[in-house]
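Shown next: protein.cif, given as mmCIF, C-alpha atoms, pLDDT in the B column; chains and numbers go by the auth columns.
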data_protein
#
loop_
_atom_site.group_PDB
_atom_site.id
_atom_site.type_symbol
_atom_site.label_atom_id
_atom_site.label_comp_id
_atom_site.label_asym_id
_atom_site.label_seq_id
_atom_site.Cartn_x
_atom_site.Cartn_y
_atom_site.Cartn_z
_atom_site.B_iso_or_equiv
_atom_site.auth_seq_id
_atom_site.auth_asym_id
ATOM 1 C CA MET A 1 107.653 99.692 81.843 66.00 1 C
ATOM 2 C CA GLU A 2 108.228 99.592 78.081 72.00 2 C
ATOM 3 C CA ASN A 3 109.693 96.097 78.138 79.00 3 C
ATOM 4 C CA HIS A 4 108.133 94.822 81.342 82.00 4 C
ATOM 5 C CA THR A 5 106.269 91.541 80.927 85.00 5 C
ATOM 6 C CA TYR A 6 103.304 92.903 82.871 84.00 6 C
ATOM 7 C CA GLY A 7 103.473 96.478 81.550 82.00 7 C
ATOM 8 C CA GLU A 8 100.410 96.404 79.274 86.00 8 C
ATOM 9 C CA GLY A 9 98.318 94.595 81.877 87.00 9 C
ATOM 10 C CA ARG A 10 99.361 97.095 84.526 86.00 10 C
ATOM 11 C CA LEU A 11 98.366 100.061 82.344 89.00 11 C
ATOM 12 C CA LYS A 12 94.982 98.459 81.677 93.00 12 C
ATOM 13 C CA GLN A 13 94.540 97.818 85.397 93.00 13 C
ATOM 14 C CA ALA A 14 95.410 101.440 86.209 92.00 14 C
ATOM 15 C CA ARG A 15 92.854 102.771 83.729 95.00 15 C
ATOM 16 C CA ILE A 16 90.123 100.510 85.119 96.00 16 C
ATOM 17 C CA ASN A 17 91.059 101.362 88.701 95.00 17 C
ATOM 18 C CA LEU A 18 90.920 105.091 87.972 96.00 18 C
ATOM 19 C CA ILE A 19 87.338 104.773 86.723 97.00 19 C
ATOM 20 C CA ARG A 20 86.394 102.593 89.703 97.00 20 C
ATOM 21 C CA LEU A 21 88.119 104.995 92.103 96.00 21 C
ATOM 22 C CA LEU A 22 86.244 108.021 90.783 97.00 22 C
ATOM 23 C CA LYS A 23 82.951 106.124 91.064 98.00 23 C
ATOM 24 C CA SER A 24 83.730 105.117 94.648 97.00 24 C
ATOM 25 C CA ILE A 25 84.553 108.717 95.579 96.00 25 C
ATOM 26 C CA ASN A 26 81.427 110.097 93.933 97.00 26 C
ATOM 27 C CA SER A 27 79.188 107.493 95.559 97.00 27 C
ATOM 28 C CA GLY A 28 80.940 107.540 98.951 95.00 28 C
ATOM 29 C CA ASN A 29 81.655 103.808 98.735 97.00 29 C
ATOM 30 C CA MET A 30 84.493 103.585 101.271 97.00 30 C
ATOM 31 C CA PRO A 31 85.049 99.804 101.047 97.00 31 C
ATOM 32 C CA ALA A 32 85.550 100.094 97.272 97.00 32 C
ATOM 33 C CA PHE A 33 87.804 103.163 97.712 97.00 33 C
ATOM 34 C CA ILE A 34 89.953 101.330 100.259 98.00 34 C
ATOM 35 C CA SER A 35 90.239 98.233 98.100 97.00 35 C
ATOM 36 C CA ILE A 36 91.319 100.189 95.024 97.00 36 C
ATOM 37 C CA ILE A 37 93.793 102.425 96.861 97.00 37 C
ATOM 38 C CA GLU A 38 95.558 99.526 98.543 97.00 38 C
ATOM 39 C CA ASN A 39 95.541 97.432 95.356 95.00 39 C
ATOM 40 C CA GLU A 40 97.133 100.268 93.396 93.00 40 C
ATOM 41 C CA ALA A 41 99.875 100.753 95.974 93.00 41 C
ATOM 42 C CA LEU A 42 100.765 97.075 96.083 93.00 42 C
ATOM 43 C CA SER A 43 100.483 96.601 92.308 90.00 43 C
ATOM 44 C CA LEU A 44 103.042 99.319 91.653 88.00 44 C
ATOM 45 C CA HIS A 45 105.500 97.793 94.105 88.00 45 C
ATOM 46 C CA ALA A 46 104.874 94.333 92.635 84.00 46 C
ATOM 47 C CA LEU A 47 105.808 95.735 89.238 86.00 47 C
ATOM 48 C CA MET A 48 109.078 97.079 90.618 83.00 48 C
ATOM 49 C CA MET A 49 109.857 93.755 92.290 83.00 49 C
ATOM 50 C CA SER A 50 109.163 91.809 89.090 86.00 50 C
ATOM 51 C CA SER A 51 111.260 94.093 86.857 85.00 51 C
ATOM 52 C CA ASP A 52 114.531 92.914 85.376 85.00 52 C
ATOM 53 C CA PRO A 53 116.508 93.684 87.347 86.00 53 C
ATOM 54 C CA GLY A 54 113.957 93.695 90.120 83.00 54 C
ATOM 55 C CA TYR A 55 114.218 96.025 93.053 85.00 55 C
ATOM 56 C CA ILE A 56 112.528 96.219 96.412 89.00 56 C
ATOM 57 C CA LEU A 57 111.807 99.553 98.015 87.00 57 C
ATOM 58 C CA LEU A 58 109.530 98.293 100.767 88.00 58 C
ATOM 59 C CA GLN A 59 111.176 97.623 104.101 90.00 59 C
ATOM 60 C CA ALA A 60 110.233 95.188 106.847 91.00 60 C
ATOM 61 C CA ASN A 61 108.601 97.982 108.853 92.00 61 C
ATOM 62 C CA SER A 62 106.510 98.980 105.819 93.00 62 C
ATOM 63 C CA LEU A 63 105.073 95.474 105.764 94.00 63 C
ATOM 64 C CA HIS A 64 104.470 95.521 109.527 95.00 64 C
ATOM 65 C CA ILE A 65 102.510 98.754 109.158 96.00 65 C
ATOM 66 C CA ILE A 66 100.451 97.405 106.243 96.00 66 C
ATOM 67 C CA GLU A 67 99.506 94.303 108.196 97.00 67 C
ATOM 68 C CA ASN A 68 98.743 96.356 111.296 97.00 68 C
ATOM 69 C CA VAL A 69 96.496 98.775 109.362 98.00 69 C
ATOM 70 C CA ARG A 70 94.529 95.905 107.829 98.00 70 C
ATOM 71 C CA ASN A 71 94.031 94.283 111.237 98.00 71 C
ATOM 72 C CA TYR A 72 93.079 97.595 112.859 98.00 72 C
ATOM 73 C CA ARG A 73 90.500 98.292 110.155 98.00 73 C
ATOM 74 C CA ARG A 74 89.050 94.809 110.520 98.00 74 C
ATOM 75 C CA ASP A 75 88.920 95.027 114.321 98.00 75 C
ATOM 76 C CA THR A 76 87.526 98.576 114.585 98.00 76 C
ATOM 77 C CA GLY A 77 85.527 99.015 111.408 97.00 77 C
ATOM 78 C CA TYR A 78 87.220 102.395 110.850 98.00 78 C
ATOM 79 C CA SER A 79 87.636 103.465 107.221 97.00 79 C
ATOM 80 C CA VAL A 80 91.404 103.785 107.187 98.00 80 C
ATOM 81 C CA CYS A 81 93.653 102.518 104.424 98.00 81 C
ATOM 82 C CA PHE A 82 97.269 102.664 103.362 97.00 82 C
ATOM 83 C CA THR A 83 99.018 103.727 100.232 96.00 83 C
ATOM 84 C CA LEU A 84 102.717 103.779 99.449 93.00 84 C
ATOM 85 C CA ASP A 85 105.045 106.260 97.870 89.00 85 C
ATOM 86 C CA ALA A 86 107.813 105.182 95.519 82.00 86 C
ATOM 87 C CA GLY A 87 109.847 104.119 98.532 84.00 87 C
ATOM 88 C CA ALA A 88 109.333 102.510 101.893 87.00 88 C
ATOM 89 C CA ASN A 89 106.951 105.139 103.267 91.00 89 C
ATOM 90 C CA VAL A 90 103.404 104.188 104.176 95.00 90 C
ATOM 91 C CA HIS A 91 100.701 106.857 104.026 95.00 91 C
ATOM 92 C CA LEU A 92 97.355 106.520 105.775 97.00 92 C
ATOM 93 C CA LEU A 93 94.136 107.843 104.269 96.00 93 C
ATOM 94 C CA TYR A 94 91.039 108.302 106.404 97.00 94 C
ATOM 95 C CA PRO A 95 88.087 110.653 106.822 95.00 95 C
ATOM 96 C CA SER A 96 88.621 113.661 109.082 94.00 96 C
ATOM 97 C CA SER A 97 85.742 112.430 111.261 96.00 97 C
ATOM 98 C CA ILE A 98 88.031 109.767 112.763 97.00 98 C
ATOM 99 C CA GLU A 99 91.208 111.852 112.936 96.00 99 C
ATOM 100 C CA THR A 100 91.445 111.724 116.745 97.00 100 C
ATOM 101 C CA GLU A 101 91.112 107.937 116.794 97.00 101 C
ATOM 102 C CA ILE A 102 93.621 107.438 113.982 97.00 102 C
ATOM 103 C CA LYS A 103 96.197 109.752 115.538 96.00 103 C
ATOM 104 C CA ALA A 104 95.911 107.814 118.798 97.00 104 C
ATOM 105 C CA TYR A 105 96.245 104.541 116.864 97.00 105 C
ATOM 106 C CA ILE A 106 99.357 105.815 115.084 97.00 106 C
ATOM 107 C CA LYS A 107 100.919 106.872 118.383 96.00 107 C
ATOM 108 C CA ASP A 108 100.016 103.637 120.181 96.00 108 C
ATOM 109 C CA GLN A 109 100.640 101.043 117.462 96.00 109 C
ATOM 110 C CA LEU A 110 102.564 102.412 114.485 96.00 110 C
ATOM 111 C CA LEU A 111 105.089 104.873 115.856 94.00 111 C
ATOM 112 C CA GLN A 112 107.373 102.002 116.841 93.00 112 C
ATOM 113 C CA TYR A 113 107.873 101.199 113.136 92.00 113 C
ATOM 114 C CA CYS A 114 108.743 104.761 112.103 91.00 114 C
ATOM 115 C CA GLU A 115 112.366 105.710 111.651 88.00 115 C
ATOM 116 C CA ASN A 116 113.424 107.822 114.628 90.00 116 C
ATOM 117 C CA GLY A 117 109.764 107.909 115.663 88.00 117 C
ATOM 118 C CA LEU A 118 109.046 110.512 113.002 89.00 118 C
ATOM 119 C CA ILE A 119 105.677 110.923 111.324 92.00 119 C
ATOM 120 C CA ILE A 120 104.106 113.646 109.214 90.00 120 C
ATOM 121 C CA HIS A 121 100.460 114.628 109.624 89.00 121 C
ATOM 122 C CA ASP A 122 99.032 116.152 106.485 89.00 122 C
ATOM 123 C CA GLN A 123 95.610 116.921 105.130 85.00 123 C
ATOM 124 C CA LEU A 124 93.847 117.734 101.915 83.00 124 C
ATOM 125 C CA GLY A 125 94.154 121.379 101.037 84.00 125 C
ATOM 126 C CA LYS A 126 92.521 123.735 98.592 85.00 126 C
ATOM 127 C CA GLY A 127 95.336 123.431 96.057 84.00 127 C
ATOM 128 C CA PRO A 128 98.151 125.772 95.114 83.00 128 C
ATOM 129 C CA VAL A 129 97.805 129.447 95.857 84.00 129 C
ATOM 130 C CA GLN A 130 99.403 132.009 93.580 84.00 130 C
ATOM 131 C CA LYS A 131 101.157 134.783 95.472 85.00 131 C
ATOM 132 C CA ALA A 132 102.534 137.995 94.123 84.00 132 C
ATOM 133 C CA TYR A 133 106.164 138.687 94.937 80.00 133 C
ATOM 134 C CA PRO A 134 107.380 142.237 95.550 71.00 134 C
#

What is this structure when it is put down as structure tokens?
Amino acid sequence: MENHTYGEGRLKQARINLIRLLKSINSGNMPAFISIIENEALSLHALMMSSDPGYILLQANSLHIIENVRNYRRDTGYSVCFTLDAGANVHLLYPSSIETEIKAYIKDQLLQYCENGLIIHDQLGKGPVQKAYP
């Protein structure tokens, strides 16, 4: 990032997006939340691709999933979005109120793109818990 042509612009974008993201969460503005989350994921990967030397961590199936999620959201109106880790893995974010529908969607439409048909279902927790050891 230190010598990246777009480094300063990316840091500015991240700061602005963090403020916008917090506002969208506090106001419950799902369309804004979705837009920011997906933009952040793609911006980070764009930065990696435009580095020198550039590198691509996304795989063809990652792109298939992204396209599929966007089409599914458009067709159903469900508030589901994607984000990406620092690799090829796509993560879906959605409210718990549509969990049943999204799990069925994953099974029916996205599982085919997952390596060995493996997926991980996770959820927001209450944070770390300190335990005493004997």

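Among the candidates C:Gln130, C:Asn89, C:Asn3, C:Thr83, the residue lying nearest to C:Leu44 is C:Thr83 (atoms considered: only C-alpha atoms).
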
Here is a test: counting all atoms listed in the file, which residue of C:Lys126, C:Tyr105, C:Asp85, C:Ser96 is nearest to C:Asn71? C:Tyr105

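Distance-wise, atom CA of C:Asp108 and atom CA of C:Leu93 end up 17.5 Å apart.
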
Since I can't run it myself right now, could you work out what the PyMOL selection byres ((chain C and resi 90) around 12) selects here and report it as a PyMOL selection string? chain C and resi 38+41-42+57-69+81-89+91-93+106+110-111+113-115+119-120

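The environment of C:Gly28 within 12 Å, counting all atoms listed in the file and disregarding residues fewer than 6 places along the same chain, consists of Arg20, Leu21, Leu22, Ile34, Ser79 and Pro95 of chain C.
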
Pull C-alpha atoms from the residues just selected and write them as a PDB file, in the frame of the given file.
ATOM      1  CA  ARG C  20      86.394 102.593  89.703  1.00 97.00           C
ATOM      2  CA  LEU C  21      88.119 104.995  92.103  1.00 96.00           C
ATOM      3  CA  LEU C  22      86.244 108.021  90.783  1.00 97.00           C
ATOM      4  CA  ILE C  34      89.953 101.330 100.259  1.00 98.00           C
ATOM      5  CA  SER C  79      87.636 103.465 107.221  1.00 97.00           C
ATOM      6  CA  PRO C  95      88.087 110.653 106.822  1.00 95.00           C
TER       7      PRO C  95
END

Any idea what the distance is between atom CA of C:Tyr55 and atom CA of C:Ser43? 13.8 Å

Work out how far atom CA of C:Gln109 is from atom CA of C:Tyr72, in Å to one decimal. 9.5 Å

Which residues of stretch 28-105 of chain C have any atom within 8 Å of an atom in stretch 4-19 of chain C when counting all atoms listed in the file, and what is the closest pair of atoms for each, with the distance in Å to one decimal? Order the rows by chain and rising number and write it as CSV.
residue,atom,partner,partner_atom,distance
C:Ile36,CA,C:Asn17,CA,6.4
C:Glu40,CA,C:Ala14,CA,7.5
C:Ser43,CA,C:Arg10,CA,7.9
C:Leu47,CA,C:Tyr6,CA,7.4
C:Ser51,CA,C:His4,CA,6.4
C:Asp52,CA,C:His4,CA,7.8

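Among the candidate residues C:Gly127, C:Asn116, C:Glu2, C:Phe33, the one lying nearest to C:Tyr94 is C:Phe33, with distances computed using all atoms listed in the file.
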
Please determine, counting all atoms listed in the file, which residue among C:Val80, C:Val129, C:Ile56, C:Ile102 has the shortest atom-to-atom distance to C:Pro31. C:Val80

Grab all the atoms of stretch 40-55 of chain C that the file lists, wrap them in a box along x, y and z, add 3 Å per side, and give me centre plus edge lengths in Å (one decimal) as lines of an AutoDock Vina configuration file.
center_x = 106.8
center_y = 96.3
center_z = 90.7
size_x = 25.4
size_y = 14.9
size_z = 16.7
